[in-house]
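Okay, so here's the structure we're looking at.
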Amino acid sequence: MDVMPLLLLVAGSAAVAAAGRRFPVPVPLLLVAAGLAVSYVPKVPDYTLDPHIVLPLLLPPLLYTAATDSSYLDLRAQMRPVALLSVGYVLFATFAVGWAAYLIVPGLPLTAALVLGAVVAPPDAVAATAVARRVGLPSRITTILQGESLVNDATAITAYKVALAAAVGEGATWAGGIGEFLIAAVGGVGVGLVLMAPLHWLRRHVREALLQNTLSLLIPFVAYSVAEQVHASGVLAVVVVALYLGHRAWEVDFATRLQEEAVWKMVAFVLESAVFALIGLQLPVVLRGLGAYEGIDAAWYAILLFVVVVVTRFLWVYPATFLPRILSARIRAREEDPTWKTPFVIGWAGMRGVVSLAIAFSIPLTVHGGEPFPERNLILFLTFTTVIGTLVVQGVTLPPLIRLLKFPGRDPQAETLAEANAQAQASRAAERRLDDLLADDRNTLPGPLAERLRAVLERRRNAVWERLGQVNPVTGETVDDTYRRLSREMISAEREVFVKLRDGRYIDDEMLRVLLRRLDLEEAAAYREAA
């Protein structure tokens, strides 16, 4: 097995993603553009998306890291718009886009058109999260988009299976399709509910951080595969488990959290970079199979379908935003009146991604009787152009659109004040706990050590308040910034001495590593106090 193409994909996409952080263009778009450009380079191997790899191996960790970074409480507060988008919109888009494709493309059977509709229906979790994070959308909009993208894949995959069964002549019915969807949804949530508590128990009782992080890497694959084995939704199982574990992450020891954050940041960075690069690299594979549709006809079909996909989302989002308020006095009393801006941004933020392509590549080559699947290559091409179109057109224009609409940004002063108040309450509780402990003869400490504990607590409490103070007129730093910088300079001086002692053979490398780790933890603590 030649692993060089895989190594080149990971290394190249990571390099482009790292370089892209220096530019104002969203990194996902640069990766797609780089993939498109590299696909034309001679002797570049084909990177065909294998749905048996993308769905069970790439989708679970991407969903897991997105869900653990989400807020269960915020998602619960936005349950209605999330459900309307992740379930209602996906089903609406499947039928609306499928029917439009049936009318646009001569000779495309309705069943095959509905397969196409299901394939391009779900906005992508990776694309939505990456772009929302970059453009700084208001927290409510970000929560809705993240919640939608976490759940909608399950709806789309089920709708695709039903449409595919009808297309290949397996006698699928609408009643059967609804039943299959309910079984997949309820089963996926059920598997997640069954697994989440035992998995959290394991995370709490496995004492070694290295083993805990190994378990963390296995969790999304375990949840996905168990659900799929019982014909339930692996997507929903992963999301339920991840939301629960993320909500209860505070119960795991600090070493695990520190390692886990670093590990999952690396995993997400590598997978997201590779996924967007893979989208661009599909161009040669898609074009080779286009066959009789090469030329202006295929281009017109692609443009028209892209417009239909964009318009269809707006046709759903605006009624889904305003109709519940019109019909329910309870909603009107509980929620603020939305403006036209919020549904407009949600409608425009519906980028498609690698999941749509992976589902499209899973379309079988033949139907019952050995006949070729109707217009399979054209469906692949239209899926590819829709994904590229939404990523490029909507991804490029979304940041300036946010600025043009002048959404209220985050209030750093208010957030810092809330953080300071929270820290003050926690510090008072810690002081009371320390006083109780020191009153016990078993916890007797020399005066300087007891004062050191109090000084550390005082420093942690004051650090946040100092960020609200005035800045140094010479450097522009706050008091806390200066403290952090001086602390790191002192640690750097200690580090240089340790290295010189090692080089002079006064200490060995093992002792150097122990001393450097101690300094690293102190530097991390100093940084965290001001971060």
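Note on naming: chains are A, B, ... as they come in the structure tokens, residues start from 1 per chain, ligands start from 1 in the order shown.
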(request) Pick out the residues sitting within 10 Å of A:Thr65, and hand them over as a PyMOL selection string; count only C-alpha atoms, and ignore anything fewer than 3 positions along from it in its own chain. (result) chain A and resi 60-62+68-70+220+238-239+242-243+246+261+264-265+267-268
Write the selection just made, keeping N, CA, C and O atoms, as a compact mmCIF listing (two decimals), in the first residue's frame?
```txt
# COMPACT_ATOMS: atom_id res chain seq x y z
N PRO A 60 -17.28 10.89 12.32
CA PRO A 60 -17.42 10.84 13.79
C PRO A 60 -16.48 11.78 14.55
O PRO A 60 -16.97 12.51 15.42
N PRO A 61 -15.16 11.80 14.27
CA PRO A 61 -14.33 12.73 15.05
C PRO A 61 -14.64 14.19 14.78
O PRO A 61 -14.56 15.02 15.69
N LEU A 62 -15.02 14.53 13.54
CA LEU A 62 -15.37 15.92 13.25
C LEU A 62 -16.65 16.33 13.99
O LEU A 62 -16.75 17.44 14.53
N THR A 68 -18.53 18.70 21.30
CA THR A 68 -17.95 18.97 22.62
C THR A 68 -17.62 20.45 22.78
O THR A 68 -17.60 20.96 23.91
N ASP A 69 -17.37 21.14 21.67
CA ASP A 69 -17.13 22.58 21.74
C ASP A 69 -18.43 23.38 21.81
O ASP A 69 -18.40 24.59 22.03
N SER A 70 -19.55 22.72 21.56
CA SER A 70 -20.84 23.40 21.62
C SER A 70 -21.35 23.44 23.06
O SER A 70 -20.82 22.77 23.94
N PRO A 220 -15.87 8.61 19.76
CA PRO A 220 -16.77 8.87 18.62
C PRO A 220 -16.93 7.67 17.70
O PRO A 220 -18.03 7.43 17.17
N VAL A 238 -23.24 9.92 18.17
CA VAL A 238 -22.01 10.66 18.45
C VAL A 238 -22.34 12.02 19.06
O VAL A 238 -21.72 12.45 20.04
N VAL A 239 -23.32 12.71 18.50
CA VAL A 239 -23.67 14.05 18.99
C VAL A 239 -24.18 14.00 20.43
O VAL A 239 -23.79 14.82 21.28
N ALA A 242 -21.24 13.24 22.75
CA ALA A 242 -20.30 14.37 22.81
C ALA A 242 -20.87 15.53 23.61
O ALA A 242 -20.15 16.17 24.38
N LEU A 243 -22.15 15.84 23.42
CA LEU A 243 -22.75 16.93 24.19
C LEU A 243 -22.73 16.63 25.68
O LEU A 243 -22.44 17.50 26.51
N GLY A 246 -19.03 16.78 26.92
CA GLY A 246 -18.58 18.16 26.96
C GLY A 246 -19.21 18.93 28.12
O GLY A 246 -18.55 19.74 28.77
N GLU A 261 -7.53 18.81 25.21
CA GLU A 261 -7.70 20.02 24.41
C GLU A 261 -6.66 20.09 23.30
O GLU A 261 -6.97 20.39 22.14
N TRP A 264 -7.30 17.13 20.62
CA TRP A 264 -8.44 17.33 19.73
C TRP A 264 -8.29 18.55 18.83
O TRP A 264 -8.81 18.58 17.71
N LYS A 265 -7.55 19.56 19.29
CA LYS A 265 -7.26 20.68 18.40
C LYS A 265 -6.43 20.21 17.21
O LYS A 265 -6.65 20.61 16.06
N VAL A 267 -6.25 17.06 16.04
CA VAL A 267 -7.06 16.17 15.21
C VAL A 267 -8.02 16.97 14.33
O VAL A 267 -8.14 16.72 13.12
N ALA A 268 -8.69 17.96 14.92
CA ALA A 268 -9.63 18.77 14.16
C ALA A 268 -8.91 19.56 13.07
O ALA A 268 -9.41 19.66 11.94
```
(request) Name the residues in contact with A:Glu260 at a cut-off of 10 Å, using only C-alpha atoms, excluding same-chain residues fewer than 3 positions from it; report them as a ChimeraX atom specification. (result) /A:209-210,212-214,216-217,254-257,263-266
(request) Within stretch 249-381 of chain A, find each residue whose DSSP state, derived from the backbone, is alpha helix (DSSP H), and express the selection as a PyMOL selection string. (result) chain A and resi 254-281+283-288+296-327+329-334+341-348+354-361+376-381
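For the atom pair formed by atom CA of A:Val226 and atom CA of A:Thr155, the distance is 18.3 Å, given to one decimal.
Considering the residues A:Ala159, A:Ala302, A:Val235, A:Leu193 and counting only C-alpha atoms, A:Ile178 has its shortest atom-to-atom contact with A:Ala159.
Shell of A:Ala184 at 6 Å, with only C-alpha atoms counted and residues fewer than 3 places along the chain excluded, is A:Phe181, A:Gly187, A:Gly188, A:Ala232, A:Ser233.
Between A:Leu57 and the candidates A:Val308, A:Ala360, A:Leu271, A:Leu290, the tightest atom-to-atom separation, counting only C-alpha atoms, involves A:Leu271.
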Write out as a compact mmCIF listing (two decimals) with N, CA, C and O atoms, in the first residue's frame the residues lying within 10 Å of A:Ala14, counting only C-alpha atoms and excluding same-chain residues fewer than 6 positions away.
```txt
# COMPACT_ATOMS: atom_id res chain seq x y z
N LEU A 8 1.19 13.20 1.57
CA LEU A 8 1.22 14.46 0.82
C LEU A 8 -0.06 15.26 1.06
O LEU A 8 -0.03 16.49 1.18
N GLY A 20 -2.75 30.01 5.42
CA GLY A 20 -3.99 30.76 5.20
C GLY A 20 -4.42 31.60 6.37
O GLY A 20 -5.23 32.52 6.21
N LEU A 31 -8.20 26.19 1.06
CA LEU A 31 -7.92 24.76 0.92
C LEU A 31 -8.64 24.18 -0.29
O LEU A 31 -8.06 23.38 -1.04
N PHE A 269 -7.74 20.10 13.39
CA PHE A 269 -6.99 20.87 12.40
C PHE A 269 -6.60 20.00 11.20
O PHE A 269 -6.80 20.38 10.04
N VAL A 270 -6.07 18.81 11.48
CA VAL A 270 -5.63 17.92 10.39
C VAL A 270 -6.81 17.45 9.56
O VAL A 270 -6.79 17.50 8.32
N LEU A 271 -7.89 17.00 10.23
CA LEU A 271 -9.03 16.46 9.49
C LEU A 271 -9.76 17.55 8.70
O LEU A 271 -10.12 17.33 7.54
N GLU A 272 -10.00 18.70 9.32
CA GLU A 272 -10.69 19.78 8.59
C GLU A 272 -9.87 20.23 7.39
O GLU A 272 -10.42 20.45 6.31
N SER A 273 -8.56 20.36 7.56
CA SER A 273 -7.70 20.77 6.45
C SER A 273 -7.76 19.74 5.33
O SER A 273 -7.92 20.10 4.14
N ALA A 274 -7.63 18.47 5.67
CA ALA A 274 -7.65 17.42 4.65
C ALA A 274 -9.01 17.34 3.95
O ALA A 274 -9.09 17.12 2.74
N ALA A 277 -9.40 20.20 1.42
CA ALA A 277 -8.52 19.95 0.28
C ALA A 277 -9.06 18.82 -0.58
O ALA A 277 -8.99 18.87 -1.82
```
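Once A:Ala83 and its same-chain neighbours fewer than 2 positions away are set aside, Leu75, Arg76, Ala77, Gln78, Met79, Arg80, Pro81, Leu85, Ser86, Val87, Gly88, Tyr89, Val90, Leu91, Ile144, Leu145, Gln146, Gly147, Glu148, Ser149, Leu150, Val151, Asn152, Thr155, Val317, Ala320 and Thr321 of chain A remain within 12 Å of it when counting only C-alpha atoms.
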Write a file of the selected residues as an mmCIF file, in the first residue's frame, keeping N, CA, C and O atoms.
```cif
data_model
loop_
_atom_site.group_PDB
_atom_site.id
_atom_site.type_symbol
_atom_site.label_atom_id
_atom_site.label_comp_id
_atom_site.auth_asym_id
_atom_site.auth_seq_id
_atom_site.Cartn_x
_atom_site.Cartn_y
_atom_site.Cartn_z
ATOM 1 N N LEU A 75 -27.829 25.045 23.087
ATOM 2 C CA LEU A 75 -28.566 24.269 22.085
ATOM 3 C C LEU A 75 -29.978 23.957 22.560
ATOM 4 O O LEU A 75 -30.932 24.000 21.786
ATOM 5 N N ARG A 76 -30.101 23.646 23.842
ATOM 6 C CA ARG A 76 -31.442 23.368 24.378
ATOM 7 C C ARG A 76 -32.314 24.609 24.306
ATOM 8 O O ARG A 76 -33.514 24.523 24.003
ATOM 9 N N ALA A 77 -31.706 25.779 24.537
ATOM 10 C CA ALA A 77 -32.471 27.026 24.467
ATOM 11 C C ALA A 77 -32.922 27.334 23.043
ATOM 12 O O ALA A 77 -33.926 28.014 22.839
ATOM 13 N N GLN A 78 -32.165 26.849 22.057
ATOM 14 C CA GLN A 78 -32.494 27.102 20.647
ATOM 15 C C GLN A 78 -33.037 25.845 19.969
ATOM 16 O O GLN A 78 -32.884 25.675 18.758
ATOM 17 N N MET A 79 -33.675 24.974 20.737
ATOM 18 C CA MET A 79 -34.105 23.686 20.205
ATOM 19 C C MET A 79 -35.064 23.832 19.019
ATOM 20 O O MET A 79 -34.976 23.093 18.035
ATOM 21 N N ARG A 80 -36.009 24.791 19.106
ATOM 22 C CA ARG A 80 -36.995 24.914 18.025
ATOM 23 C C ARG A 80 -36.351 25.289 16.698
ATOM 24 O O ARG A 80 -36.554 24.584 15.692
ATOM 25 N N PRO A 81 -35.565 26.388 16.594
ATOM 26 C CA PRO A 81 -34.951 26.691 15.301
ATOM 27 C C PRO A 81 -33.974 25.625 14.828
ATOM 28 O O PRO A 81 -33.876 25.354 13.626
ATOM 29 N N LEU A 85 -34.507 23.514 11.278
ATOM 30 C CA LEU A 85 -33.490 23.508 10.229
ATOM 31 C C LEU A 85 -32.920 22.116 9.986
ATOM 32 O O LEU A 85 -32.769 21.688 8.835
ATOM 33 N N SER A 86 -32.586 21.403 11.052
ATOM 34 C CA SER A 86 -31.885 20.129 10.901
ATOM 35 C C SER A 86 -32.794 19.006 10.410
ATOM 36 O O SER A 86 -32.316 18.047 9.798
ATOM 37 N N VAL A 87 -34.083 19.113 10.673
ATOM 38 C CA VAL A 87 -35.019 18.090 10.205
ATOM 39 C C VAL A 87 -35.938 18.668 9.128
ATOM 40 O O VAL A 87 -35.977 18.183 7.990
ATOM 41 N N GLY A 88 -36.676 19.715 9.495
ATOM 42 C CA GLY A 88 -37.650 20.270 8.551
ATOM 43 C C GLY A 88 -37.021 20.776 7.276
ATOM 44 O O GLY A 88 -37.478 20.442 6.166
ATOM 45 N N TYR A 89 -35.965 21.578 7.399
ATOM 46 C CA TYR A 89 -35.352 22.135 6.193
ATOM 47 C C TYR A 89 -34.742 21.053 5.314
ATOM 48 O O TYR A 89 -34.867 21.100 4.079
ATOM 49 N N VAL A 90 -34.079 20.075 5.904
ATOM 50 C CA VAL A 90 -33.432 19.030 5.097
ATOM 51 C C VAL A 90 -34.469 18.258 4.284
ATOM 52 O O VAL A 90 -34.267 17.983 3.095
ATOM 53 N N LEU A 91 -35.605 17.912 4.914
ATOM 54 C CA LEU A 91 -36.652 17.204 4.173
ATOM 55 C C LEU A 91 -37.269 18.099 3.101
ATOM 56 O O LEU A 91 -37.536 17.657 1.968
ATOM 57 N N ILE A 144 -27.312 28.238 16.527
ATOM 58 C CA ILE A 144 -28.297 27.641 15.616
ATOM 59 C C ILE A 144 -27.609 26.917 14.471
ATOM 60 O O ILE A 144 -27.961 25.779 14.112
ATOM 61 N N LEU A 145 -26.603 27.545 13.867
ATOM 62 C CA LEU A 145 -25.897 26.922 12.745
ATOM 63 C C LEU A 145 -25.152 25.672 13.191
ATOM 64 O O LEU A 145 -25.152 24.651 12.490
ATOM 65 N N GLN A 146 -24.509 25.737 14.350
ATOM 66 C CA GLN A 146 -23.797 24.562 14.851
ATOM 67 C C GLN A 146 -24.763 23.436 15.171
ATOM 68 O O GLN A 146 -24.510 22.273 14.832
ATOM 69 N N GLY A 147 -25.868 23.773 15.836
ATOM 70 C CA GLY A 147 -26.843 22.742 16.165
ATOM 71 C C GLY A 147 -27.431 22.106 14.919
ATOM 72 O O GLY A 147 -27.600 20.878 14.850
ATOM 73 N N GLU A 148 -27.754 22.925 13.929
ATOM 74 C CA GLU A 148 -28.276 22.384 12.663
ATOM 75 C C GLU A 148 -27.286 21.427 12.031
ATOM 76 O O GLU A 148 -27.627 20.309 11.620
ATOM 77 N N SER A 149 -26.030 21.855 11.939
ATOM 78 C CA SER A 149 -25.042 21.054 11.228
ATOM 79 C C SER A 149 -24.671 19.781 11.978
ATOM 80 O O SER A 149 -24.171 18.833 11.380
ATOM 81 N N LEU A 150 -24.923 19.735 13.294
ATOM 82 C CA LEU A 150 -24.649 18.518 14.043
ATOM 83 C C LEU A 150 -25.688 17.429 13.786
ATOM 84 O O LEU A 150 -25.371 16.241 13.846
ATOM 85 N N VAL A 151 -26.915 17.829 13.528
ATOM 86 C CA VAL A 151 -28.012 16.866 13.448
ATOM 87 C C VAL A 151 -28.454 16.592 12.014
ATOM 88 O O VAL A 151 -28.950 15.504 11.709
ATOM 89 N N ASN A 152 -28.265 17.568 11.110
ATOM 90 C CA ASN A 152 -28.893 17.428 9.793
ATOM 91 C C ASN A 152 -28.320 16.293 8.951
ATOM 92 O O ASN A 152 -28.990 15.785 8.055
ATOM 93 N N THR A 155 -30.562 13.314 9.268
ATOM 94 C CA THR A 155 -31.780 13.440 8.456
ATOM 95 C C THR A 155 -31.480 13.188 6.987
ATOM 96 O O THR A 155 -32.216 12.468 6.301
ATOM 97 N N VAL A 317 -36.232 29.319 5.636
ATOM 98 C CA VAL A 317 -35.734 29.988 6.838
ATOM 99 C C VAL A 317 -36.663 31.109 7.283
ATOM 100 O O VAL A 317 -36.964 31.244 8.484
ATOM 101 N N ALA A 320 -39.886 29.764 8.791
ATOM 102 C CA ALA A 320 -39.555 29.051 10.026
ATOM 103 C C ALA A 320 -39.175 30.014 11.144
ATOM 104 O O ALA A 320 -39.308 29.678 12.328
ATOM 105 N N THR A 321 -38.734 31.210 10.793
ATOM 106 C CA THR A 321 -38.381 32.202 11.805
ATOM 107 C C THR A 321 -39.604 32.952 12.319
ATOM 108 O O THR A 321 -39.760 33.156 13.531
#
```
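Shortest atom-to-atom contact with A:Val387 among A:Met351, A:Ala414, A:Leu327, A:Leu7: A:Met351, counting only C-alpha atoms.
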Excluding same-chain residues fewer than 3 positions from A:Val44, what lies within 12 Å of it counting only C-alpha atoms, as a tab-separated table (two decimals) with N, CA, C and O atoms, in the first residue's frame?
```tsv
chain	number	residue	atom	x	y	z
A	4	MET	N	2.28	7.36	0.41
A	4	MET	CA	2.79	8.68	0.06
A	4	MET	C	1.67	9.66	-0.30
A	4	MET	O	1.71	10.82	0.13
A	5	PRO	N	0.66	9.26	-1.12
A	5	PRO	CA	-0.42	10.23	-1.41
A	5	PRO	C	-1.12	10.74	-0.15
A	5	PRO	O	-1.44	11.93	-0.05
A	6	LEU	N	-1.33	9.84	0.83
A	6	LEU	CA	-1.97	10.27	2.07
A	6	LEU	C	-1.09	11.25	2.83
A	6	LEU	O	-1.57	12.27	3.36
A	8	LEU	N	1.19	13.20	1.57
A	8	LEU	CA	1.22	14.46	0.82
A	8	LEU	C	-0.06	15.26	1.06
A	8	LEU	O	-0.03	16.49	1.18
A	9	LEU	N	-1.19	14.55	1.10
A	9	LEU	CA	-2.47	15.23	1.36
A	9	LEU	C	-2.47	15.91	2.72
A	9	LEU	O	-2.81	17.10	2.84
A	35	GLY	N	-6.82	22.63	-3.54
A	35	GLY	CA	-7.14	21.31	-4.06
A	35	GLY	C	-7.50	21.34	-5.53
A	35	GLY	O	-7.08	20.48	-6.31
A	36	LEU	N	-8.29	22.34	-5.93
A	36	LEU	CA	-8.64	22.49	-7.34
A	36	LEU	C	-7.40	22.71	-8.19
A	36	LEU	O	-7.25	22.13	-9.27
A	37	ALA	N	-6.49	23.57	-7.73
A	37	ALA	CA	-5.27	23.87	-8.49
A	37	ALA	C	-4.37	22.65	-8.59
A	37	ALA	O	-3.87	22.32	-9.68
A	38	VAL	N	-4.19	21.95	-7.47
A	38	VAL	CA	-3.30	20.79	-7.47
A	38	VAL	C	-3.86	19.66	-8.32
A	38	VAL	O	-3.11	18.86	-8.89
A	39	SER	N	-5.18	19.59	-8.43
A	39	SER	CA	-5.78	18.50	-9.21
A	39	SER	C	-5.38	18.56	-10.68
A	39	SER	O	-5.47	17.55	-11.38
A	40	TYR	N	-4.91	19.72	-11.14
A	40	TYR	CA	-4.47	19.86	-12.54
A	40	TYR	C	-2.97	19.61	-12.71
A	40	TYR	O	-2.47	19.62	-13.82
A	41	VAL	N	-2.24	19.44	-11.62
A	41	VAL	CA	-0.80	19.21	-11.71
A	41	VAL	C	-0.56	17.80	-12.25
A	41	VAL	O	-1.18	16.84	-11.77
A	47	TYR	N	-7.57	11.31	-5.78
A	47	TYR	CA	-8.02	11.21	-4.39
A	47	TYR	C	-9.53	11.02	-4.41
A	47	TYR	O	-10.29	11.95	-4.14
A	281	LEU	N	-9.86	18.36	-4.73
A	281	LEU	CA	-9.16	17.31	-5.47
A	281	LEU	C	-10.11	16.36	-6.20
A	281	LEU	O	-9.65	15.51	-6.96
A	282	GLN	N	-11.41	16.48	-5.97
A	282	GLN	CA	-12.36	15.60	-6.64
A	282	GLN	C	-12.64	15.99	-8.09
A	282	GLN	O	-13.27	15.24	-8.83
A	284	PRO	N	-10.98	16.19	-11.08
A	284	PRO	CA	-10.69	15.29	-12.20
A	284	PRO	C	-11.59	14.05	-12.20
A	284	PRO	O	-12.04	13.59	-13.25
A	285	VAL	N	-11.83	13.50	-11.01
A	285	VAL	CA	-12.66	12.29	-10.91
A	285	VAL	C	-14.07	12.58	-11.40
A	285	VAL	O	-14.66	11.79	-12.15
```
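Rounded to one decimal, atom CA of A:Ser225 and atom CA of A:Leu58 lie 12.6 Å from each other.
The coordinates place atom CA of A:Val54 at 21.7 Å from atom CA of A:Val189.
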